[in-house]
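Coordinates as given in work-v7.txt (compact mmCIF, C-alpha atoms and all ligand atoms):
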# COMPACT_ATOMS: atom_id res chain seq x y z
CA MET A 546 -22.76 3.73 18.07
CA LYS A 547 -21.16 6.25 15.81
CA ARG A 548 -21.92 6.20 12.08
CA TYR A 549 -19.19 7.35 9.72
CA LYS A 550 -19.16 8.63 6.13
CA ALA A 551 -15.86 7.07 5.11
CA TYR A 552 -15.14 3.45 6.08
CA CYS A 553 -11.53 2.70 5.06
CA PHE A 554 -10.80 -1.02 4.93
CA ASP A 555 -7.42 -2.66 4.87
CA LEU A 556 -7.50 -5.67 2.48
CA ASP A 557 -5.13 -8.54 3.41
CA GLY A 558 -6.27 -10.07 6.70
CA THR A 559 -9.25 -7.70 6.91
CA VAL A 560 -11.35 -8.28 3.77
CA TYR A 561 -9.62 -11.37 2.38
CA LYS A 562 -6.90 -13.89 3.14
CA GLY A 563 -5.17 -14.86 -0.05
CA LYS A 564 -8.01 -15.67 -2.46
CA GLU A 565 -10.54 -16.37 0.31
CA GLY A 566 -12.94 -13.67 1.37
CA ILE A 567 -13.42 -13.02 5.10
CA ALA A 568 -17.17 -13.59 5.23
CA SER A 569 -17.90 -11.17 8.10
CA ALA A 570 -16.11 -8.28 6.36
CA VAL A 571 -17.73 -9.04 3.00
CA ALA A 572 -21.17 -9.09 4.67
CA TYR A 573 -20.52 -5.78 6.44
CA ILE A 574 -19.35 -4.14 3.20
CA HIS A 575 -22.58 -5.29 1.53
CA MET A 576 -24.52 -3.76 4.45
CA LEU A 577 -22.73 -0.43 3.97
CA GLN A 578 -23.39 -0.47 0.23
CA ALA A 579 -27.08 -1.20 0.94
CA ARG A 580 -27.06 1.95 3.12
CA GLY A 581 -25.65 3.91 0.17
CA ILE A 582 -22.12 4.12 1.56
CA GLU A 583 -19.28 3.10 -0.77
CA PRO A 584 -16.32 1.96 1.35
CA PHE A 585 -12.68 2.78 0.60
CA TYR A 586 -9.95 0.15 0.31
CA VAL A 587 -6.51 1.13 1.58
CA THR A 588 -3.83 -1.49 1.01
CA ASN A 589 -0.09 -1.67 1.55
CA ASN A 590 0.02 -4.29 -1.23
CA SER A 591 2.00 -2.66 -4.04
CA SER A 592 2.07 -5.67 -6.32
CA LYS A 593 -1.38 -5.33 -7.85
CA THR A 594 -2.71 -2.67 -10.21
CA THR A 595 -6.00 -0.98 -9.37
CA GLU A 596 -7.74 -3.26 -11.90
CA GLN A 597 -6.16 -6.34 -10.31
CA LEU A 598 -7.25 -5.21 -6.82
CA GLN A 599 -10.78 -4.66 -8.15
CA ALA A 600 -10.69 -8.17 -9.67
CA SER A 601 -9.57 -9.68 -6.32
CA LEU A 602 -12.50 -7.95 -4.62
CA ARG A 603 -14.93 -8.99 -7.37
CA ALA A 604 -13.83 -12.62 -6.92
CA ILE A 605 -15.11 -12.53 -3.32
CA GLY A 606 -18.32 -10.72 -4.23
CA ILE A 607 -17.39 -7.06 -3.76
CA GLU A 608 -17.81 -4.47 -6.51
CA ALA A 609 -15.41 -1.60 -5.81
CA PRO A 610 -15.08 1.49 -8.00
CA ALA A 611 -11.48 2.31 -9.03
CA THR A 612 -11.88 5.71 -7.36
CA HIS A 613 -12.19 4.02 -3.95
CA VAL A 614 -9.11 1.77 -4.19
CA TYR A 615 -5.85 3.15 -2.73
CA SER A 616 -2.53 1.27 -2.72
CA SER A 617 0.97 1.93 -1.44
CA ALA A 618 2.13 1.66 -5.07
CA MET A 619 0.10 4.76 -6.06
CA ALA A 620 1.23 6.66 -2.97
CA THR A 621 4.91 5.72 -3.45
CA ALA A 622 4.99 6.67 -7.13
CA GLN A 623 3.36 10.02 -6.31
CA TYR A 624 5.86 10.60 -3.48
CA VAL A 625 8.89 9.91 -5.73
CA ALA A 626 7.51 12.08 -8.54
CA HIS A 627 6.95 14.94 -6.07
CA HIS A 628 10.20 14.75 -4.09
CA PHE A 629 12.59 13.63 -6.85
CA PRO A 630 11.51 15.35 -10.09
CA GLN A 631 13.50 14.25 -13.18
CA ALA A 632 15.08 11.41 -11.16
CA ARG A 633 16.47 8.28 -12.75
CA VAL A 634 14.76 5.48 -10.83
CA ARG A 635 15.77 1.84 -10.34
CA PHE A 636 12.72 -0.22 -9.61
CA MET A 637 12.02 -3.51 -7.83
CA GLY A 638 8.43 -4.68 -7.67
CA ALA A 639 5.48 -6.06 -9.54
CA ASP A 640 2.82 -4.79 -11.98
CA GLY A 641 1.12 -2.51 -9.47
CA LEU A 642 4.19 -0.41 -8.73
CA ARG A 643 5.32 -0.41 -12.36
CA GLN A 644 1.92 0.84 -13.57
CA ALA A 645 1.78 3.48 -10.82
CA ALA A 646 5.30 4.65 -11.76
CA GLU A 647 4.38 4.90 -15.43
CA GLU A 648 1.18 6.79 -14.62
CA VAL A 649 3.11 9.57 -12.88
CA GLY A 650 5.84 9.57 -15.55
CA LEU A 651 8.80 8.23 -13.56
CA GLN A 652 11.92 7.44 -15.59
CA LEU A 653 12.64 3.77 -14.85
CA VAL A 654 16.15 2.62 -15.77
CA ASP A 655 18.03 -0.69 -15.58
CA ASP A 656 21.13 0.69 -13.84
CA VAL A 657 22.73 0.65 -10.36
CA ASN A 658 23.89 4.30 -10.58
CA VAL A 659 20.56 6.07 -10.05
CA ASP A 660 18.95 8.84 -7.98
CA VAL A 661 16.26 6.65 -6.42
CA PHE A 662 15.86 2.96 -5.65
CA MET A 663 12.13 2.28 -5.33
CA MET A 664 11.27 -1.02 -3.66
CA GLY A 665 8.05 -3.01 -3.61
CA ILE A 666 7.34 -6.70 -3.21
CA ASP A 667 8.40 -8.92 -6.10
CA ARG A 668 7.22 -12.51 -5.90
CA GLU A 669 9.60 -13.53 -8.69
CA LEU A 670 12.55 -12.10 -6.83
CA THR A 671 16.04 -13.44 -7.59
CA TYR A 672 19.33 -13.04 -5.76
CA THR A 673 20.54 -10.77 -8.59
CA THR A 674 17.63 -8.37 -8.03
CA LEU A 675 18.47 -8.07 -4.34
CA ALA A 676 22.20 -7.75 -5.07
CA ASP A 677 21.52 -4.91 -7.55
CA ALA A 678 19.28 -3.23 -4.97
CA CYS A 679 22.09 -3.32 -2.41
CA VAL A 680 24.60 -1.93 -4.92
CA ALA A 681 22.25 0.88 -6.04
CA VAL A 682 21.70 1.98 -2.43
CA GLN A 683 25.45 1.74 -1.65
CA ASN A 684 26.06 3.92 -4.71
CA GLY A 685 23.93 6.64 -3.13
CA ALA A 686 20.39 6.11 -4.47
CA ALA A 687 17.64 7.38 -2.16
CA PHE A 688 16.00 4.25 -0.73
CA ILE A 689 12.19 4.46 -0.92
CA ALA A 690 10.04 1.43 -0.04
CA THR A 691 6.31 0.99 -0.56
CA ASN A 692 5.60 -0.54 2.86
CA GLU A 693 7.24 -2.03 5.92
CA ASP A 694 5.01 -5.08 6.52
CA VAL A 695 7.33 -7.87 7.61
CA LYS A 696 4.71 -10.51 6.78
CA PHE A 697 1.22 -10.93 5.45
CA PRO A 698 -1.36 -13.68 5.99
CA ALA A 699 -2.06 -16.15 3.18
CA GLU A 700 -4.02 -19.42 3.05
CA ARG A 701 -1.02 -21.49 4.14
CA GLY A 702 0.36 -19.12 6.77
CA PHE A 703 2.37 -15.91 6.96
CA LEU A 704 4.53 -15.06 3.95
CA PRO A 705 7.39 -12.51 3.78
CA GLY A 706 6.28 -8.96 3.04
CA ASN A 707 8.19 -6.06 1.53
CA GLY A 708 9.40 -5.03 4.98
CA SER A 709 11.39 -8.27 5.27
CA LEU A 710 13.00 -7.65 1.88
CA ALA A 711 13.74 -4.00 2.64
CA ARG A 712 15.34 -4.99 5.95
CA LEU A 713 17.63 -7.32 4.03
CA VAL A 714 18.86 -4.39 1.88
CA GLU A 715 19.10 -2.24 5.01
CA GLY A 716 21.17 -4.94 6.71
CA VAL A 717 23.67 -4.98 3.84
CA THR A 718 23.88 -1.21 3.22
CA GLY A 719 23.22 0.32 6.64
CA VAL A 720 20.64 2.62 4.99
CA THR A 721 17.13 2.75 6.48
CA PRO A 722 14.48 3.19 3.78
CA THR A 723 11.75 5.81 3.73
CA TYR A 724 8.50 3.82 3.95
CA ILE A 725 5.39 5.27 2.27
CA GLY A 726 2.54 2.84 3.04
CA LYS A 727 0.69 2.54 6.35
CA PRO A 728 1.46 3.45 9.17
CA SER A 729 2.18 6.62 7.21
CA PRO A 730 -1.19 8.40 6.87
CA VAL A 731 -0.50 9.44 3.24
CA MET A 732 -3.31 7.32 1.73
CA LEU A 733 -5.88 8.46 4.33
CA GLU A 734 -4.86 12.06 3.70
CA LEU A 735 -5.44 11.57 -0.03
CA ILE A 736 -8.96 10.23 0.65
CA ALA A 737 -9.83 13.12 2.99
CA GLN A 738 -8.51 15.71 0.52
CA THR A 739 -10.11 14.15 -2.54
CA TYR A 740 -13.57 13.69 -1.01
CA GLY A 741 -13.60 16.50 1.56
CA PHE A 742 -14.21 14.32 4.61
CA ALA A 743 -13.66 15.75 8.08
CA LYS A 744 -11.55 13.57 10.34
CA ASP A 745 -14.48 12.72 12.62
CA GLU A 746 -16.34 11.34 9.58
CA MET A 747 -13.66 8.72 8.85
CA VAL A 748 -12.71 5.37 10.35
CA MET A 749 -9.82 3.03 9.53
CA ILE A 750 -10.54 -0.71 9.84
CA GLY A 751 -7.71 -3.23 9.92
CA ASP A 752 -6.11 -6.38 11.32
CA ASN A 753 -2.58 -5.04 11.78
CA TYR A 754 -2.02 -2.66 14.70
CA ASP A 755 1.41 -1.50 13.50
CA THR A 756 0.23 -0.47 10.04
CA ASP A 757 -3.57 -0.01 9.80
CA ILE A 758 -4.38 1.14 13.30
CA LEU A 759 -1.30 3.35 13.63
CA SER A 760 -2.04 5.06 10.28
CA GLY A 761 -5.49 5.98 11.61
CA ILE A 762 -4.08 7.14 14.95
CA ARG A 763 -1.40 9.24 13.21
CA PHE A 764 -4.00 10.80 10.92
CA GLY A 765 -6.24 11.48 13.90
CA ILE A 766 -9.30 9.39 13.01
CA ASP A 767 -11.16 6.57 14.78
CA THR A 768 -9.91 3.02 14.30
CA ILE A 769 -11.51 -0.45 14.45
CA HIS A 770 -9.30 -3.48 15.00
CA VAL A 771 -10.53 -6.86 13.74
CA ASN A 772 -9.14 -10.16 14.99
CA THR A 773 -8.93 -11.78 11.54
CA GLY A 774 -5.28 -11.31 10.62
CA VAL A 775 -1.86 -10.26 11.91
CA THR A 776 -2.41 -8.69 15.34
CA SER A 777 -4.45 -10.49 18.00
CA THR A 778 -7.10 -8.57 19.95
CA GLU A 779 -5.07 -9.07 23.15
CA ALA A 780 -1.92 -7.62 21.57
CA ALA A 781 -3.80 -4.64 20.07
CA TYR A 782 -5.56 -3.92 23.38
CA ALA A 783 -2.23 -4.01 25.25
CA LYS A 784 -0.73 -1.17 23.14
CA GLU A 785 -0.08 2.20 24.74
CA GLN A 786 -2.59 3.78 22.33
CA PRO A 787 -5.19 1.06 21.71
CA PRO A 788 -7.63 1.21 18.77
CA THR A 789 -10.93 3.09 19.27
CA MET A 790 -12.75 -0.25 19.07
CA LEU A 791 -11.65 -3.87 19.09
CA VAL A 792 -14.02 -6.49 17.68
CA GLU A 793 -13.69 -10.13 16.72
CA ASN A 794 -14.94 -9.30 13.22
CA MET A 795 -17.20 -6.81 11.40
CA LEU A 796 -20.39 -8.82 11.97
CA VAL A 797 -19.83 -8.41 15.70
CA TYR A 798 -19.43 -4.69 15.00
CA ALA A 799 -22.70 -4.69 13.01
CA ALA A 800 -24.49 -6.37 15.92
CA LEU A 801 -23.17 -3.65 18.27
CA GLU A 802 -24.47 -1.00 15.85
CA GLU A 803 -27.93 -2.57 15.99
CA ALA A 804 -27.96 -2.97 19.77
MG MG B 1 -3.91 -6.41 6.79

Output the file's structure as structure tokens, nothing else.
Amino acid sequence: MKRYKAYCFDLDGTVYKGKEGIASAVAYIHMLQARGIEPFYVTNNSSKTTEQLQASLRAIGIEAPATHVYSSAMATAQYVAHHFPQARVRFMGADGLRQAAEEVGLQLVDDVNVDVFMMGIDRELTYTTLADACVAVQNGAAFIATNEDVKFPAERGFLPGNGSLARLVEGVTGVTPTYIGKPSPVMLELIAQTYGFAKDEMVMIGDNYDTDILSGIRFGIDTIHVNTGVTSTEAAYAKEQPPTMLVENMLVYAALEEA
């Protein structure tokens, strides 16, 4: 069994479901930390700040340094700052995206005539927010969305993700957004560049084939699919490019490592 230097974990459906930790993943992360390996966390969730993501992990028994937490909010704010310098930006989203935007100095305005409409999940969404989004995009704003997840797993079932909301705006305007989160490999690229990992030293671990596993495949690193969230093992195995490994959960993976 191959040992890696960088274990990149998706969060929702891989490490926790809502507020509940996934015990097998938590145990495996503790095993890595006992080996002196600090895992990375790579989430499409744009709603939480780095501190809030760290608090969610701490609540299920995982201490994660801020330097090892990557979100689609960070990646999206960096993308907009890089590709649209000086832009006036209309924003939809929660604390995570707002803080990321402020950190890179984006000019957020309350207007529908803007250069960029930046869209992340907003759990306090109103009809007016979506209507303004549609008008801003019709008026010519570049449409940039944090992630295309249609749904995410919670305690009571699947809930609508940012991808569902973005598709609503797309349906009204006819404009397809540019999506920044996984399956784009932007966050994995940032980790490799920042820490100097070679691609064969990295692995992406996730429950969702279309986001987690594809981001790893597109970046050119190994992937481990776990059967604890969105995509079933059968569905992931049936893909044209299946994951490098498919396991029920990370304790099964640990047992294979020991065998
Ligand atoms: Mg997931």

All residues 7 Å or closer to Pro584 in chain A, all atoms listed in the file, same chain fewer than 4 positions away omitted, as a PyMOL selection string: chain A and resi 551-553

Could you tell me which of A:Ala780, A:Ala618, A:Leu556, A:Leu598 comes closest to ligand MG 1 (chain B) if we count all atoms listed in the file? A:Leu556

List the spatial neighbours of range 587-597 of chain A as a VMD selection string - criterion: any atom at most 9 Å away, all atoms listed in the file, same-chain residues fewer than 4 positions off excluded. chain A and resid 553 to 557 601 to 602 611 613 to 619 621 638 to 645 665 to 668 691 to 694 706 to 707 725 to 727 732 to 733 749 756 to 757

Cut-off 12 Å around (-14.9, -13.9, 7.0) with all atoms listed in the file: residues as a PyMOL selection string: chain A and resi 556-562+564-574+605+771-774+793-797

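Between Gly765 in chain A and the candidates A:Glu647, A:Glu802, A:Glu583, A:Glu734, the tightest atom-to-atom separation, counting only C-alpha atoms, involves A:Glu734.
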
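For the set A:Leu675, A:Tyr586, A:Thr612, A:Ala743, the residue with the smallest atom-to-atom gap to ligand MG 1 (chain B) is A:Tyr586, counting all atoms listed in the file.
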